[in-house]
file protein_38.csv (CSV, C-alpha atoms)
chain,number,residue,atom,x,y,z
V,1,MET,CA,277.7,-0.3,87.3
V,2,ARG,CA,275.9,0.5,84.0
V,3,VAL,CA,275.2,-2.6,81.9
V,4,LYS,CA,275.5,-2.1,78.2
V,5,THR,CA,273.0,-4.0,75.9
V,6,GLU,CA,273.0,-4.3,72.1
V,7,SER,CA,269.3,-3.4,72.0
V,8,ARG,CA,270.0,-0.1,73.8
V,9,ARG,CA,272.9,0.6,71.5
V,10,GLN,CA,270.8,0.0,68.5
V,11,ALA,CA,268.0,2.3,69.9
V,12,ILE,CA,270.5,5.1,70.4
V,13,MET,CA,271.8,4.7,66.9
V,14,LYS,CA,268.3,4.7,65.4
V,15,ALA,CA,267.4,7.9,67.3
V,16,ALA,CA,270.7,9.5,66.4
V,17,SER,CA,270.2,8.7,62.7
V,18,GLU,CA,266.8,10.3,62.8
V,19,ILE,CA,268.2,13.4,64.4
V,20,PHE,CA,271.1,13.7,62.1
V,21,ARG,CA,268.8,13.3,59.1
V,22,GLU,CA,266.4,16.0,60.4
V,23,GLU,CA,268.9,18.5,61.9
V,24,GLY,CA,272.2,17.8,60.1
V,25,PHE,CA,275.4,16.9,62.0
V,26,SER,CA,276.3,20.4,63.2
V,27,GLY,CA,272.7,21.1,64.3
V,28,SER,CA,272.4,17.9,66.4
V,29,SER,CA,273.5,17.4,69.9
V,30,MET,CA,273.9,14.5,72.3
V,31,ALA,CA,271.2,16.1,74.5
V,32,MET,CA,268.7,16.0,71.5
V,33,ILE,CA,269.5,12.4,70.9
V,34,ALA,CA,269.1,11.5,74.6
V,35,ALA,CA,265.7,13.2,74.6
V,36,ARG,CA,264.6,11.3,71.5
V,37,VAL,CA,265.8,7.8,72.8
V,38,GLY,CA,264.6,8.5,76.3
V,39,GLY,CA,267.4,8.7,78.9
V,40,SER,CA,270.3,10.9,79.9
V,41,LYS,CA,273.4,12.1,78.1
V,42,ALA,CA,275.4,10.0,80.6
V,43,THR,CA,273.8,6.9,79.2
V,44,LEU,CA,274.8,7.9,75.6
V,45,TYR,CA,278.3,8.6,76.7
V,46,ASN,CA,278.4,5.1,78.2
V,47,TYR,CA,278.0,3.8,74.7
V,48,PHE,CA,279.7,6.4,72.6
V,49,ALA,CA,282.5,8.7,73.7
V,50,SER,CA,281.4,11.6,71.4
V,51,LYS,CA,278.9,12.7,68.8
V,52,ASP,CA,281.6,12.0,66.2
V,53,GLU,CA,282.0,8.4,67.4
V,54,LEU,CA,278.2,7.9,67.3
V,55,PHE,CA,278.0,9.3,63.7
V,56,ALA,CA,280.9,7.1,62.6
V,57,ALA,CA,279.2,4.0,64.1
V,58,ILE,CA,276.0,4.8,62.2
V,59,THR,CA,277.9,5.3,59.0
V,60,PHE,CA,279.9,2.0,59.3
V,61,GLU,CA,276.9,0.0,60.2
V,62,ALA,CA,275.0,1.4,57.2
V,63,VAL,CA,277.7,0.4,54.7
V,64,ASP,CA,279.3,-2.7,56.2
V,65,ALA,CA,277.0,-5.5,55.1
V,66,ALA,CA,276.6,-4.0,51.6
V,67,ALA,CA,280.3,-3.4,51.3
V,68,GLN,CA,281.1,-7.0,52.2
V,69,THR,CA,278.7,-8.3,49.5
V,70,MET,CA,280.3,-6.0,47.0
V,71,ILE,CA,283.8,-7.1,47.7
V,72,GLN,CA,282.8,-10.8,47.7
V,73,LEU,CA,281.6,-10.4,44.1
V,74,LEU,CA,285.1,-9.3,43.1
V,75,GLU,CA,287.1,-11.8,45.2
V,76,GLY,CA,285.3,-15.0,44.0
V,77,ASP,CA,286.2,-17.1,41.0
V,78,VAL,CA,285.6,-15.3,37.7
V,79,THR,CA,284.5,-17.0,34.5
V,80,ASP,CA,283.1,-14.0,32.7
V,81,ILE,CA,284.7,-10.6,33.6
V,82,ARG,CA,282.0,-8.5,32.0
V,83,THR,CA,279.2,-10.3,34.0
V,84,THR,CA,281.3,-10.0,37.2
V,85,LEU,CA,281.9,-6.3,36.8
V,86,ILE,CA,278.2,-5.6,36.0
V,87,ARG,CA,277.1,-7.4,39.1
V,88,PHE,CA,279.7,-5.5,41.1
V,89,GLY,CA,278.5,-2.3,39.6
V,90,HIS,CA,274.9,-2.9,40.8
V,91,ALA,CA,276.2,-3.9,44.2
V,92,TYR,CA,278.3,-0.7,44.4
V,93,LEU,CA,275.3,1.4,43.5
V,94,ASP,CA,273.2,-0.5,46.1
V,95,LEU,CA,275.7,0.7,48.6
V,96,ILE,CA,276.2,4.3,47.7
V,97,LEU,CA,272.6,5.0,46.9
V,98,ALA,CA,271.3,3.6,50.1
V,99,PRO,CA,269.3,6.2,52.1
V,100,ASP,CA,271.7,6.2,55.1
V,101,VAL,CA,274.7,6.7,52.8
V,102,ILE,CA,273.0,9.5,50.9
V,103,MET,CA,272.2,11.1,54.3
V,104,VAL,CA,275.9,10.9,55.4
V,105,THR,CA,277.0,12.4,52.1
V,106,ARG,CA,274.5,15.2,52.3
V,107,ILE,CA,275.6,16.0,55.9
V,108,GLY,CA,279.2,16.2,54.9
V,109,ILE,CA,278.4,18.5,52.0
V,110,ALA,CA,276.0,20.7,54.0
V,111,HIS,CA,278.2,21.1,57.1
V,112,GLY,CA,281.7,21.1,55.7
V,113,PRO,CA,284.7,19.1,56.8
V,114,MET,CA,284.7,17.4,60.2
V,115,PRO,CA,288.4,17.0,60.8
V,116,SER,CA,288.1,14.7,63.8
V,117,LEU,CA,285.8,12.4,61.8
V,118,GLY,CA,286.6,12.8,58.2
V,119,ARG,CA,289.9,10.9,58.0
V,120,SER,CA,288.4,7.9,59.9
V,121,LEU,CA,285.3,7.8,57.8
V,122,TYR,CA,287.4,8.0,54.6
V,123,GLU,CA,290.0,5.4,55.6
V,124,LYS,CA,287.6,2.8,56.9
V,125,GLY,CA,285.1,3.5,54.1
V,126,PRO,CA,285.9,4.6,50.5
V,127,GLY,CA,289.7,4.5,51.0
V,128,GLN,CA,289.7,0.9,52.2
V,129,GLY,CA,287.1,-0.1,49.7
V,130,TRP,CA,288.9,1.2,46.6
V,131,ARG,CA,292.2,-0.2,47.7
V,132,THR,CA,290.5,-3.6,47.8
V,133,ILE,CA,289.0,-3.0,44.4
V,134,ALA,CA,292.4,-2.0,43.0
V,135,THR,CA,293.9,-5.1,44.4
V,136,ASN,CA,291.3,-7.2,42.6
V,137,LEU,CA,291.7,-5.4,39.3
V,138,LYS,CA,295.4,-6.2,39.5
V,139,ARG,CA,294.5,-9.8,40.2
V,140,TYR,CA,292.3,-9.8,37.1
V,141,HIS,CA,295.3,-8.4,35.1
V,142,ASP,CA,297.5,-11.2,36.4
V,143,LEU,CA,294.9,-13.7,35.3
V,144,GLY,CA,294.7,-12.2,31.8
V,145,LEU,CA,291.2,-11.0,32.3
V,146,LEU,CA,292.1,-7.3,32.1
V,147,THR,CA,294.9,-5.2,30.8
V,148,VAL,CA,295.7,-2.8,33.7
V,149,SER,CA,298.9,-0.9,34.0
V,150,ASN,CA,297.9,1.1,37.1
V,151,SER,CA,295.2,-0.6,39.2
V,152,GLN,CA,294.6,2.4,41.4
V,153,ILE,CA,293.8,4.7,38.5
V,154,ALA,CA,291.7,2.0,36.9
V,155,ALA,CA,289.7,1.5,40.2
V,156,LEU,CA,289.0,5.3,40.5
V,157,GLN,CA,288.0,5.4,36.8
V,158,LEU,CA,285.6,2.5,37.4
V,159,LYS,CA,284.1,4.3,40.3
V,160,GLY,CA,283.6,7.5,38.3
V,161,LEU,CA,281.9,5.6,35.4
V,162,LEU,CA,279.5,3.8,37.7
V,163,GLU,CA,278.5,6.9,39.6
V,164,ALA,CA,278.0,9.0,36.4
V,165,GLY,CA,274.4,10.1,36.0
V,166,LEU,CA,273.2,8.2,39.1
V,167,PHE,CA,274.9,9.4,42.3
V,168,GLU,CA,274.5,13.1,41.8
V,169,PRO,CA,270.7,12.9,41.0
V,170,ALA,CA,270.3,10.9,44.2
V,171,LEU,CA,272.0,13.6,46.2
V,172,PHE,CA,269.5,16.1,44.9
V,173,GLY,CA,266.5,13.8,45.3
V,174,VAL,CA,265.6,13.6,41.6
V,175,ARG,CA,265.2,10.7,39.2
V,176,PRO,CA,268.2,9.9,37.0
V,177,ALA,CA,267.8,10.7,33.3
V,178,MET,CA,268.6,7.1,32.2
V,179,PRO,CA,267.6,3.7,33.8
V,180,ARG,CA,270.2,2.3,36.2
V,181,ALA,CA,270.6,-1.0,34.3
V,182,VAL,CA,271.5,0.9,31.1
V,183,MET,CA,274.0,3.1,32.9
V,184,VAL,CA,275.8,0.2,34.6
V,185,THR,CA,276.1,-1.8,31.4
V,186,GLU,CA,277.4,1.2,29.5
V,187,ALA,CA,279.8,2.0,32.2
V,188,ILE,CA,281.3,-1.5,32.3
V,189,ASP,CA,281.5,-1.7,28.5
V,190,MET,CA,283.4,1.6,28.4
V,191,PHE,CA,285.7,0.4,31.2
V,192,LEU,CA,286.3,-2.9,29.3
V,193,ALA,CA,286.9,-1.0,26.0
V,194,ARG,CA,289.9,0.6,27.8
V,195,TYR,CA,291.0,-2.2,30.1
V,196,GLY,CA,289.7,-5.4,28.5
V,197,PRO,CA,292.1,-8.3,27.9
V,198,MET,CA,292.8,-7.2,24.4
V,199,ALA,CA,293.0,-3.4,25.1
V,200,ASP,CA,296.1,-1.7,23.8
V,201,GLU,CA,298.3,0.2,26.3
V,202,PRO,CA,298.5,3.9,25.5
V,203,CYS,CA,301.5,5.1,23.6
call {"tool": "encode", "arguments": {"input": "protein_38.csv", "output": "structure tokens"}}
result
Amino acid sequence: MRVKTESRRQAIMKAASEIFREEGFSGSSMAMIAARVGGSKATLYNYFASKDELFAAITFEAVDAAAQTMIQLLEGDVTDIRTTLIRFGHAYLDLILAPDVIMVTRIGIAHGPMPSLGRSLYEKGPGQGWRTIATNLKRYHDLGLLTVSNSQIAALQLKGLLEAGLFEPALFGVRPAMPRAVMVTEAIDMFLARYGPMADEPC
């Protein structure tokens, strides 16, 4: 009977992450990962049923702690909505600009859709995250801190404002044109100009 250990699982994920970064998802194989970590493919399959499952585990581990920190910033008590959203913006960028998250995004772009993996990655990652953010924007509306008629649209617009000028340069490995602190502050001020407590609803 094979005994699973957390240290072995982590060693497999570390080796797999290195291989995925070097070879891309399509160019990687369980045999290559087994050779890197030292062991057999059978050992890998004892921990992960497929390469897709292994890739997903790496992705979720890379984002989970940062995502929880980000959501906690939104779900706590709010005394200053602008300060809260600026802190959230920096936490969000800490998440999406993390090296492992950039790696996952590049792999997805370079190797096209992975049908057996894509839906799971989206639903447990960005999809779940932005539904939670939309829920909190609605809560802020109910508290009189924002004026939000459609929280899902507002959440996606906040996402776009925060990523502008920062996420794309990171994908290409170049420095952003403007400092991150400036971009976050400008993004939140623009968001509040539309959705702040005194914002007028569009005619």
call {"tool": "residues_around", "arguments": {"input": "protein_38.csv", "residues": "Phe55 (chain V)", "least_positions_apart": "4", "cutoff": "9 Å", "atoms": "only C-alpha atoms", "output": "number ranges by chain"}}
result
V: 13, 16-17, 20, 25, 50-51, 59-60, 104, 117
call {"tool": "closest_atom_pairs", "arguments": {"input": "protein_38.csv", "of": "region 35-111 of chain V", "to": "region 156-160 of chain V", "cutoff": "10 Å", "atoms": "only C-alpha atoms", "output": "CSV"}}
result
residue,atom,partner,partner_atom,distance
V:Leu85,CA,V:Leu158,CA,9.6
V:Gly89,CA,V:Lys159,CA,8.7
V:Tyr92,CA,V:Lys159,CA,8.7
V:Leu93,CA,V:Lys159,CA,9.8
call {"tool": "closest_residue", "arguments": {"input": "protein_38.csv", "among": "V:Lys14, V:Lys41, V:Arg82, V:Lys138", "to": "Asp189 (chain V)", "atoms": "all atoms listed in the file"}}
result
V:Arg82
call {"tool": "residues_around", "arguments": {"input": "protein_38.csv", "residues": "region 169-176 of chain V", "least_positions_apart": "3", "cutoff": "9 Å", "atoms": "only C-alpha atoms", "output": "count of residues only"}}
result
9
call {"tool": "atom_distance", "arguments": {"input": "protein_38.csv", "atom1": "CA of Ile133 (chain V)", "atom2": "CA of Ala62 (chain V)"}}
result
19.5 Å
call {"tool": "decode", "arguments": {"input": "protein_38.csv", "residues": "region 32-139 of chain V", "atoms": "C-alpha atoms", "output": "tab-separated table (two decimals), in the first residue's frame"}}
result
chain	number	residue	atom	x	y	z
V	32	MET	CA	9.01	14.38	-17.46
V	33	ILE	CA	7.65	15.42	-14.07
V	34	ALA	CA	8.39	12.00	-12.59
V	35	ALA	CA	11.96	12.19	-13.86
V	36	ARG	CA	12.42	15.65	-12.35
V	37	VAL	CA	11.01	14.77	-8.93
V	38	GLY	CA	12.64	11.32	-8.88
V	39	GLY	CA	10.25	8.41	-8.98
V	40	SER	CA	7.79	6.68	-11.25
V	41	LYS	CA	4.70	7.84	-13.10
V	42	ALA	CA	2.74	5.43	-10.91
V	43	THR	CA	3.75	7.50	-7.88
V	44	LEU	CA	2.52	10.68	-9.56
V	45	TYR	CA	-0.81	9.06	-10.43
V	46	ASN	CA	-1.16	8.01	-6.79
V	47	TYR	CA	-1.33	11.73	-5.96
V	48	PHE	CA	-2.91	13.21	-9.10
V	49	ALA	CA	-5.22	11.40	-11.50
V	50	SER	CA	-4.03	13.36	-14.54
V	51	LYS	CA	-1.79	16.15	-15.77
V	52	ASP	CA	-4.87	18.39	-15.82
V	53	GLU	CA	-5.55	17.70	-12.15
V	54	LEU	CA	-1.92	18.39	-11.25
V	55	PHE	CA	-1.95	21.67	-13.15
V	56	ALA	CA	-5.19	22.70	-11.43
V	57	ALA	CA	-3.73	21.89	-7.99
V	58	ILE	CA	-0.73	24.11	-8.69
V	59	THR	CA	-2.99	26.90	-9.89
V	60	PHE	CA	-5.32	26.78	-6.88
V	61	GLU	CA	-2.46	26.66	-4.38
V	62	ALA	CA	-0.80	29.64	-6.04
V	63	VAL	CA	-3.88	31.83	-5.73
V	64	ASP	CA	-5.73	30.56	-2.66
V	65	ALA	CA	-3.96	32.43	0.16
V	66	ALA	CA	-3.75	35.70	-1.79
V	67	ALA	CA	-7.40	35.37	-2.85
V	68	GLN	CA	-8.54	34.89	0.74
V	69	THR	CA	-6.62	37.99	1.85
V	70	MET	CA	-8.18	39.96	-1.00
V	71	ILE	CA	-11.73	38.89	-0.17
V	72	GLN	CA	-11.26	39.57	3.56
V	73	LEU	CA	-10.45	43.18	2.73
V	74	LEU	CA	-13.87	43.52	1.11
V	75	GLU	CA	-15.86	41.57	3.68
V	76	GLY	CA	-14.70	43.45	6.78
V	77	ASP	CA	-16.20	46.58	8.27
V	78	VAL	CA	-15.79	49.64	6.05
V	79	THR	CA	-15.30	53.15	7.38
V	80	ASP	CA	-13.70	54.67	4.27
V	81	ILE	CA	-14.82	53.13	0.97
V	82	ARG	CA	-11.99	54.73	-1.05
V	83	THR	CA	-9.28	53.42	1.28
V	84	THR	CA	-10.89	49.97	1.33
V	85	LEU	CA	-11.04	49.79	-2.47
V	86	ILE	CA	-7.45	51.00	-2.86
V	87	ARG	CA	-6.24	48.32	-0.46
V	88	PHE	CA	-8.32	45.78	-2.32
V	89	GLY	CA	-6.84	46.95	-5.62
V	90	HIS	CA	-3.31	46.33	-4.41
V	91	ALA	CA	-4.28	42.91	-3.02
V	92	TYR	CA	-5.90	42.00	-6.34
V	93	LEU	CA	-2.76	42.99	-8.24
V	94	ASP	CA	-0.59	41.04	-5.77
V	95	LEU	CA	-2.66	38.04	-6.82
V	96	ILE	CA	-2.80	38.39	-10.59
V	97	LEU	CA	0.81	39.60	-10.95
V	98	ALA	CA	2.26	36.76	-8.88
V	99	PRO	CA	4.81	34.73	-10.91
V	100	ASP	CA	2.81	31.48	-10.76
V	101	VAL	CA	-0.38	33.21	-11.88
V	102	ILE	CA	1.45	34.90	-14.76
V	103	MET	CA	2.85	31.47	-15.68
V	104	VAL	CA	-0.63	29.91	-15.75
V	105	THR	CA	-1.99	32.76	-17.87
V	106	ARG	CA	0.87	32.52	-20.35
V	107	ILE	CA	0.38	28.77	-20.67
V	108	GLY	CA	-3.31	29.26	-21.38
V	109	ILE	CA	-2.54	31.84	-24.07
V	110	ALA	CA	0.29	29.89	-25.66
V	111	HIS	CA	-1.38	26.52	-25.79
V	112	GLY	CA	-4.99	27.40	-26.35
V	113	PRO	CA	-8.11	26.15	-24.60
V	114	MET	CA	-7.91	23.07	-22.38
V	115	PRO	CA	-11.56	21.98	-22.33
V	116	SER	CA	-11.22	19.44	-19.53
V	117	LEU	CA	-9.48	22.01	-17.34
V	118	GLY	CA	-10.65	25.46	-18.39
V	119	ARG	CA	-14.14	25.41	-16.87
V	120	SER	CA	-12.86	24.16	-13.52
V	121	LEU	CA	-10.07	26.73	-13.39
V	122	TYR	CA	-12.43	29.55	-14.27
V	123	GLU	CA	-15.27	28.57	-11.95
V	124	LYS	CA	-13.03	28.00	-8.92
V	125	GLY	CA	-10.83	31.00	-9.71
V	126	PRO	CA	-11.92	34.22	-11.48
V	127	GLY	CA	-15.59	33.24	-11.69
V	128	GLN	CA	-15.98	32.58	-7.98
V	129	GLY	CA	-13.81	35.55	-7.06
V	130	TRP	CA	-15.76	38.08	-9.09
V	131	ARG	CA	-19.10	36.76	-7.92
V	132	THR	CA	-17.89	37.38	-4.36
V	133	ILE	CA	-16.72	40.87	-5.29
V	134	ALA	CA	-20.07	41.64	-6.92
V	135	THR	CA	-21.84	40.50	-3.74
V	136	ASN	CA	-19.75	42.89	-1.67
V	137	LEU	CA	-20.33	45.79	-4.05
V	138	LYS	CA	-24.06	45.17	-3.63
V	139	ARG	CA	-23.55	45.19	0.15
